[in-house]
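In what follows, a structure is listed as structure tokens, so that the remarks can point back to it.
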Amino acid sequence: MAKDTFFQKKVTLNAGGKLIDLSRPKVMGIINLTPDSFYAGSRKQGIDAALQQTEKMLDEGADFLDLGAYSSRPGADDISIEEETDRLLPVVEAIAKRFPDAILSIDTFRAPVAEAAINAGAHIINDISGGQLDEHMFATVARLQVPYILMHMKGNPKTMNQLAVYDDVFAEVYDYFADKYHQLKQLGVHDVIIDPGFGFAKKPEHGYALMNRLPDFEMLGLPILAGISRKKMIYGLLNITAAEALNGTTALNTVALTRGANILRVHDVKEAVEAVKIWEACK
């Protein structure tokens, strides 16, 4: 594609009334309020555990915190909106009170949960389904006027592994983003971040194909989030476990930075922040 057909990439984000400059990569720390997320080290059940992890991640340099109360690991069981909300809202309220400057992202595909969390003090909606699992999500984001992380996935956490079939994974994911972003723009959503959805209806080879083509997503003109922390594309390749995959995660996060990632979504904030600093020193 000719160079002059590329869009200028948006590098600012308005979250909670703060203008965030994404031209310097940011780190998003994961806090899972679930008993069954795939990486046990990320599970922080209860307000006290979540507050301790929040303080640790902020001290280590996290720019955002991503809170999830519904496990999206492959094959995860469904839970009710009420259970997800009961797990999530007390923690959002407690963090917003204790750490009022923290920027909170909410990992949910349900519009009512997203809206309740924003009203409780959160700032960003992170939707693994890209609006596919709740037809009201896009309208809710538009009404709330909050940043939206648009991820690619097929099916749902129970079915996605069976749907990891592509003729051209990059082309399919790119077209998905172009279509969804058009819908969001039509509704007046201003801040959209794209996430290729590594590990979501993707085999490891699909993940590496997308990583290789990550710079080509720049044609959309949108910030890119890379969520690869401790995933199977790393630990499977290295024949280790998720608990042993920190070094591999840091290596692949560094690759993502070289290929245009604006946000690293990670379980291990300190190491990701260090990777960003070293990458910046080499520019």
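For the structure tokens, the naming scheme is as follows: chains receive sequential letters (A, B, ...) according to their order of presentation, residues are indexed from 1 within each chain, and ligands are indexed from 1 in presentation order.
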Show which residues sit within 9 Å of stretch 215-221 of chain A, as a PyMOL selection string. Count only C-alpha atoms, and ignore same-chain residues fewer than 6 positions away. chain A and resi 5-11+170+174+177-178+181+194+258-261
Go ahead and dump the residues you just picked, all heavy atoms, as a compact mmCIF listing (two decimals), in the first residue's frame.
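Below is the file selection26.txt, written as the result:
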# COMPACT_ATOMS: atom_id res chain seq x y z
N THR A 5 -1.31 6.60 1.86
CA THR A 5 -2.65 6.12 2.20
C THR A 5 -2.78 5.83 3.69
O THR A 5 -3.87 5.55 4.16
CB THR A 5 -2.99 4.84 1.42
OG1 THR A 5 -2.08 3.82 1.79
CG2 THR A 5 -2.94 5.08 -0.07
N PHE A 6 -1.69 5.93 4.44
CA PHE A 6 -1.74 5.66 5.87
C PHE A 6 -2.37 6.84 6.61
O PHE A 6 -2.14 8.00 6.28
CB PHE A 6 -0.33 5.40 6.43
CG PHE A 6 0.17 4.02 6.16
CD1 PHE A 6 0.46 3.60 4.88
CD2 PHE A 6 0.36 3.13 7.20
CE1 PHE A 6 0.93 2.33 4.64
CE2 PHE A 6 0.83 1.85 6.97
CZ PHE A 6 1.11 1.45 5.69
N PHE A 7 -3.16 6.52 7.63
CA PHE A 7 -3.74 7.56 8.47
C PHE A 7 -2.72 7.98 9.52
O PHE A 7 -1.84 7.21 9.89
CB PHE A 7 -4.98 7.03 9.17
CG PHE A 7 -6.13 6.73 8.27
CD1 PHE A 7 -6.34 5.46 7.78
CD2 PHE A 7 -7.00 7.74 7.89
CE1 PHE A 7 -7.41 5.18 6.94
CE2 PHE A 7 -8.07 7.47 7.05
CZ PHE A 7 -8.27 6.19 6.57
N GLN A 8 -2.85 9.20 9.98
CA GLN A 8 -2.04 9.62 11.12
C GLN A 8 -2.63 8.99 12.36
O GLN A 8 -3.82 9.07 12.62
CB GLN A 8 -2.03 11.15 11.25
CG GLN A 8 -1.13 11.63 12.38
CD GLN A 8 -0.98 13.13 12.39
OE1 GLN A 8 -1.52 13.82 11.53
NE2 GLN A 8 -0.25 13.65 13.36
N LYS A 9 -1.78 8.34 13.14
CA LYS A 9 -2.24 7.58 14.28
C LYS A 9 -2.62 8.50 15.44
O LYS A 9 -1.88 9.42 15.79
CB LYS A 9 -1.14 6.61 14.72
CG LYS A 9 -1.54 5.63 15.81
CD LYS A 9 -0.39 4.66 16.02
CE LYS A 9 -0.70 3.62 17.06
NZ LYS A 9 0.41 2.66 17.22
N LYS A 10 -3.79 8.26 16.02
CA LYS A 10 -4.23 9.01 17.20
C LYS A 10 -3.41 8.58 18.40
O LYS A 10 -3.30 7.38 18.68
CB LYS A 10 -5.71 8.75 17.44
CG LYS A 10 -6.30 9.47 18.65
CD LYS A 10 -7.78 9.17 18.75
CE LYS A 10 -8.37 9.67 20.06
NZ LYS A 10 -8.29 11.13 20.22
N VAL A 11 -2.82 9.53 19.11
CA VAL A 11 -1.94 9.18 20.23
C VAL A 11 -2.35 9.85 21.52
O VAL A 11 -1.56 9.94 22.46
CB VAL A 11 -0.46 9.50 19.91
CG1 VAL A 11 0.07 8.56 18.84
CG2 VAL A 11 -0.28 10.96 19.53
N PHE A 170 -4.74 -11.90 9.56
CA PHE A 170 -4.59 -10.45 9.61
C PHE A 170 -5.72 -9.76 8.87
O PHE A 170 -6.32 -8.81 9.37
CB PHE A 170 -3.25 -9.99 9.02
CG PHE A 170 -3.17 -8.50 8.87
CD1 PHE A 170 -2.92 -7.69 9.96
CD2 PHE A 170 -3.39 -7.90 7.63
CE1 PHE A 170 -2.88 -6.30 9.84
CE2 PHE A 170 -3.36 -6.52 7.50
CZ PHE A 170 -3.10 -5.72 8.60
N TYR A 174 -8.26 -7.25 10.64
CA TYR A 174 -8.23 -5.86 10.17
C TYR A 174 -9.62 -5.42 9.70
O TYR A 174 -10.09 -4.33 10.06
CB TYR A 174 -7.21 -5.70 9.04
CG TYR A 174 -7.09 -4.27 8.57
CD1 TYR A 174 -6.12 -3.42 9.12
CD2 TYR A 174 -7.94 -3.75 7.60
CE1 TYR A 174 -6.02 -2.10 8.70
CE2 TYR A 174 -7.84 -2.43 7.19
CZ TYR A 174 -6.88 -1.62 7.75
OH TYR A 174 -6.80 -0.30 7.35
N PHE A 177 -11.92 -4.77 12.59
CA PHE A 177 -11.68 -3.49 13.24
C PHE A 177 -12.22 -2.33 12.41
O PHE A 177 -12.82 -1.39 12.95
CB PHE A 177 -10.18 -3.28 13.49
CG PHE A 177 -9.63 -4.06 14.63
CD1 PHE A 177 -8.35 -4.60 14.57
CD2 PHE A 177 -10.35 -4.25 15.80
CE1 PHE A 177 -7.82 -5.30 15.63
CE2 PHE A 177 -9.83 -4.95 16.87
CZ PHE A 177 -8.55 -5.48 16.78
N ALA A 178 -11.99 -2.38 11.10
CA ALA A 178 -12.46 -1.29 10.24
C ALA A 178 -13.98 -1.15 10.32
O ALA A 178 -14.51 -0.04 10.41
CB ALA A 178 -12.00 -1.53 8.81
N TYR A 181 -15.04 0.00 13.99
CA TYR A 181 -14.66 1.39 14.23
C TYR A 181 -15.59 2.34 13.48
O TYR A 181 -15.96 3.40 13.99
CB TYR A 181 -13.21 1.63 13.83
CG TYR A 181 -12.73 3.03 14.06
CD1 TYR A 181 -13.00 3.70 15.26
CD2 TYR A 181 -12.01 3.71 13.09
CE1 TYR A 181 -12.55 4.99 15.48
CE2 TYR A 181 -11.56 5.01 13.30
CZ TYR A 181 -11.84 5.64 14.50
OH TYR A 181 -11.40 6.93 14.70
N ILE A 194 -7.51 -0.44 19.72
CA ILE A 194 -7.72 -1.78 19.18
C ILE A 194 -6.79 -2.79 19.85
O ILE A 194 -5.65 -2.49 20.18
CB ILE A 194 -7.55 -1.83 17.65
CG1 ILE A 194 -6.18 -1.31 17.21
CG2 ILE A 194 -8.66 -1.04 16.96
CD1 ILE A 194 -5.88 -1.52 15.73
N THR A 258 8.42 -2.61 19.55
CA THR A 258 9.12 -2.27 18.31
C THR A 258 8.17 -2.23 17.13
O THR A 258 8.48 -1.60 16.11
CB THR A 258 10.25 -3.27 18.01
OG1 THR A 258 9.69 -4.55 17.69
CG2 THR A 258 11.21 -3.39 19.17
N ARG A 259 7.01 -2.86 17.26
CA ARG A 259 6.06 -2.93 16.15
C ARG A 259 4.84 -2.04 16.34
O ARG A 259 3.85 -2.19 15.65
CB ARG A 259 5.67 -4.40 15.91
CG ARG A 259 6.91 -5.18 15.50
CD ARG A 259 6.69 -6.58 15.06
NE ARG A 259 7.97 -7.17 14.68
CZ ARG A 259 8.16 -8.42 14.32
NH1 ARG A 259 7.13 -9.25 14.30
NH2 ARG A 259 9.34 -8.85 13.99
N GLY A 260 4.94 -1.13 17.29
CA GLY A 260 3.93 -0.08 17.37
C GLY A 260 2.92 -0.17 18.48
O GLY A 260 1.98 0.63 18.52
N ALA A 261 3.06 -1.11 19.41
CA ALA A 261 2.10 -1.20 20.51
C ALA A 261 2.17 0.05 21.38
O ALA A 261 3.26 0.51 21.75
CB ALA A 261 2.36 -2.43 21.36
Leaving out stretch 130-140 of chain A and any residue of its chain fewer than 3 positions from it, which residues lie within 6 Å of it when counting only C-alpha atoms, given as a ChimeraX atom specification? /A:110-111,127,143,150-151
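All residues of protein, DNA or RNA that reach within 8 Å of A:Val91, judged by only C-alpha atoms and not counting those fewer than 6 positions away in the chain, are Gly46, Ile47, Ala50 and Leu51 of chain A.
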Restricting the output to all heavy atoms, write the selected residues as a compact mmCIF listing (two decimals), in the first residue's frame.
# COMPACT_ATOMS: atom_id res chain seq x y z
N GLY A 46 -11.53 -10.17 46.69
CA GLY A 46 -11.79 -9.38 47.88
C GLY A 46 -11.16 -8.00 47.78
O GLY A 46 -10.17 -7.78 47.06
N ILE A 47 -11.72 -7.06 48.53
CA ILE A 47 -11.30 -5.67 48.45
C ILE A 47 -9.86 -5.49 48.94
O ILE A 47 -9.06 -4.81 48.30
CB ILE A 47 -12.26 -4.79 49.26
CG1 ILE A 47 -13.63 -4.77 48.58
CG2 ILE A 47 -11.71 -3.37 49.39
CD1 ILE A 47 -14.71 -4.05 49.37
N ALA A 50 -7.30 -6.72 46.42
CA ALA A 50 -7.28 -5.85 45.24
C ALA A 50 -6.60 -4.53 45.54
O ALA A 50 -5.84 -4.00 44.72
CB ALA A 50 -8.70 -5.63 44.75
N LEU A 51 -6.83 -3.97 46.71
CA LEU A 51 -6.18 -2.72 47.09
C LEU A 51 -4.67 -2.89 47.24
O LEU A 51 -3.89 -2.02 46.82
CB LEU A 51 -6.78 -2.18 48.39
CG LEU A 51 -8.18 -1.59 48.30
CD1 LEU A 51 -8.73 -1.28 49.70
CD2 LEU A 51 -8.19 -0.33 47.44
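Interatomic distance, atom CA of A:Ile149 to atom CA of A:Lys270: 22.8 Å.
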Identify all residues of stretch 27-260 of chain A in strand (DSSP E or B) (DSSP on the backbone) and supply them as a ChimeraX atom specification. /A:27-32,43,64-68,104-107,124-127,148-151,192-195,224-226
All alpha helix (DSSP H) residues (DSSP, backbone) inside stretch 60-219 of chain A, as a PyMOL selection string: chain A and resi 81-98+111-119+137-144+169-187+204-212
For A:Ala142, find every residue with an atom within 9 Å (counting only C-alpha atoms), except residues of its own chain fewer than 4 positions away, and show them as a tab-separated table (two decimals) with C-alpha atoms, in the first residue's frame.
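Contents of the output file part-v1.tsv:
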chain	number	residue	atom	x	y	z
A	137	MET	CA	-22.52	-2.00	24.34
A	138	PHE	CA	-21.67	0.45	21.55
A	146	VAL	CA	-15.50	6.95	27.70
A	184	LEU	CA	-18.43	3.46	16.74
A	187	LEU	CA	-22.32	6.77	17.18
A	188	GLY	CA	-19.89	9.51	18.21
A	189	VAL	CA	-17.33	7.46	20.13
A	190	HIS	CA	-14.08	9.46	20.10
With only C-alpha atoms as the basis for distance, which of A:Asn119, A:Thr108, A:Thr54, A:Thr85 is at the shortest distance from A:Met28? A:Thr54
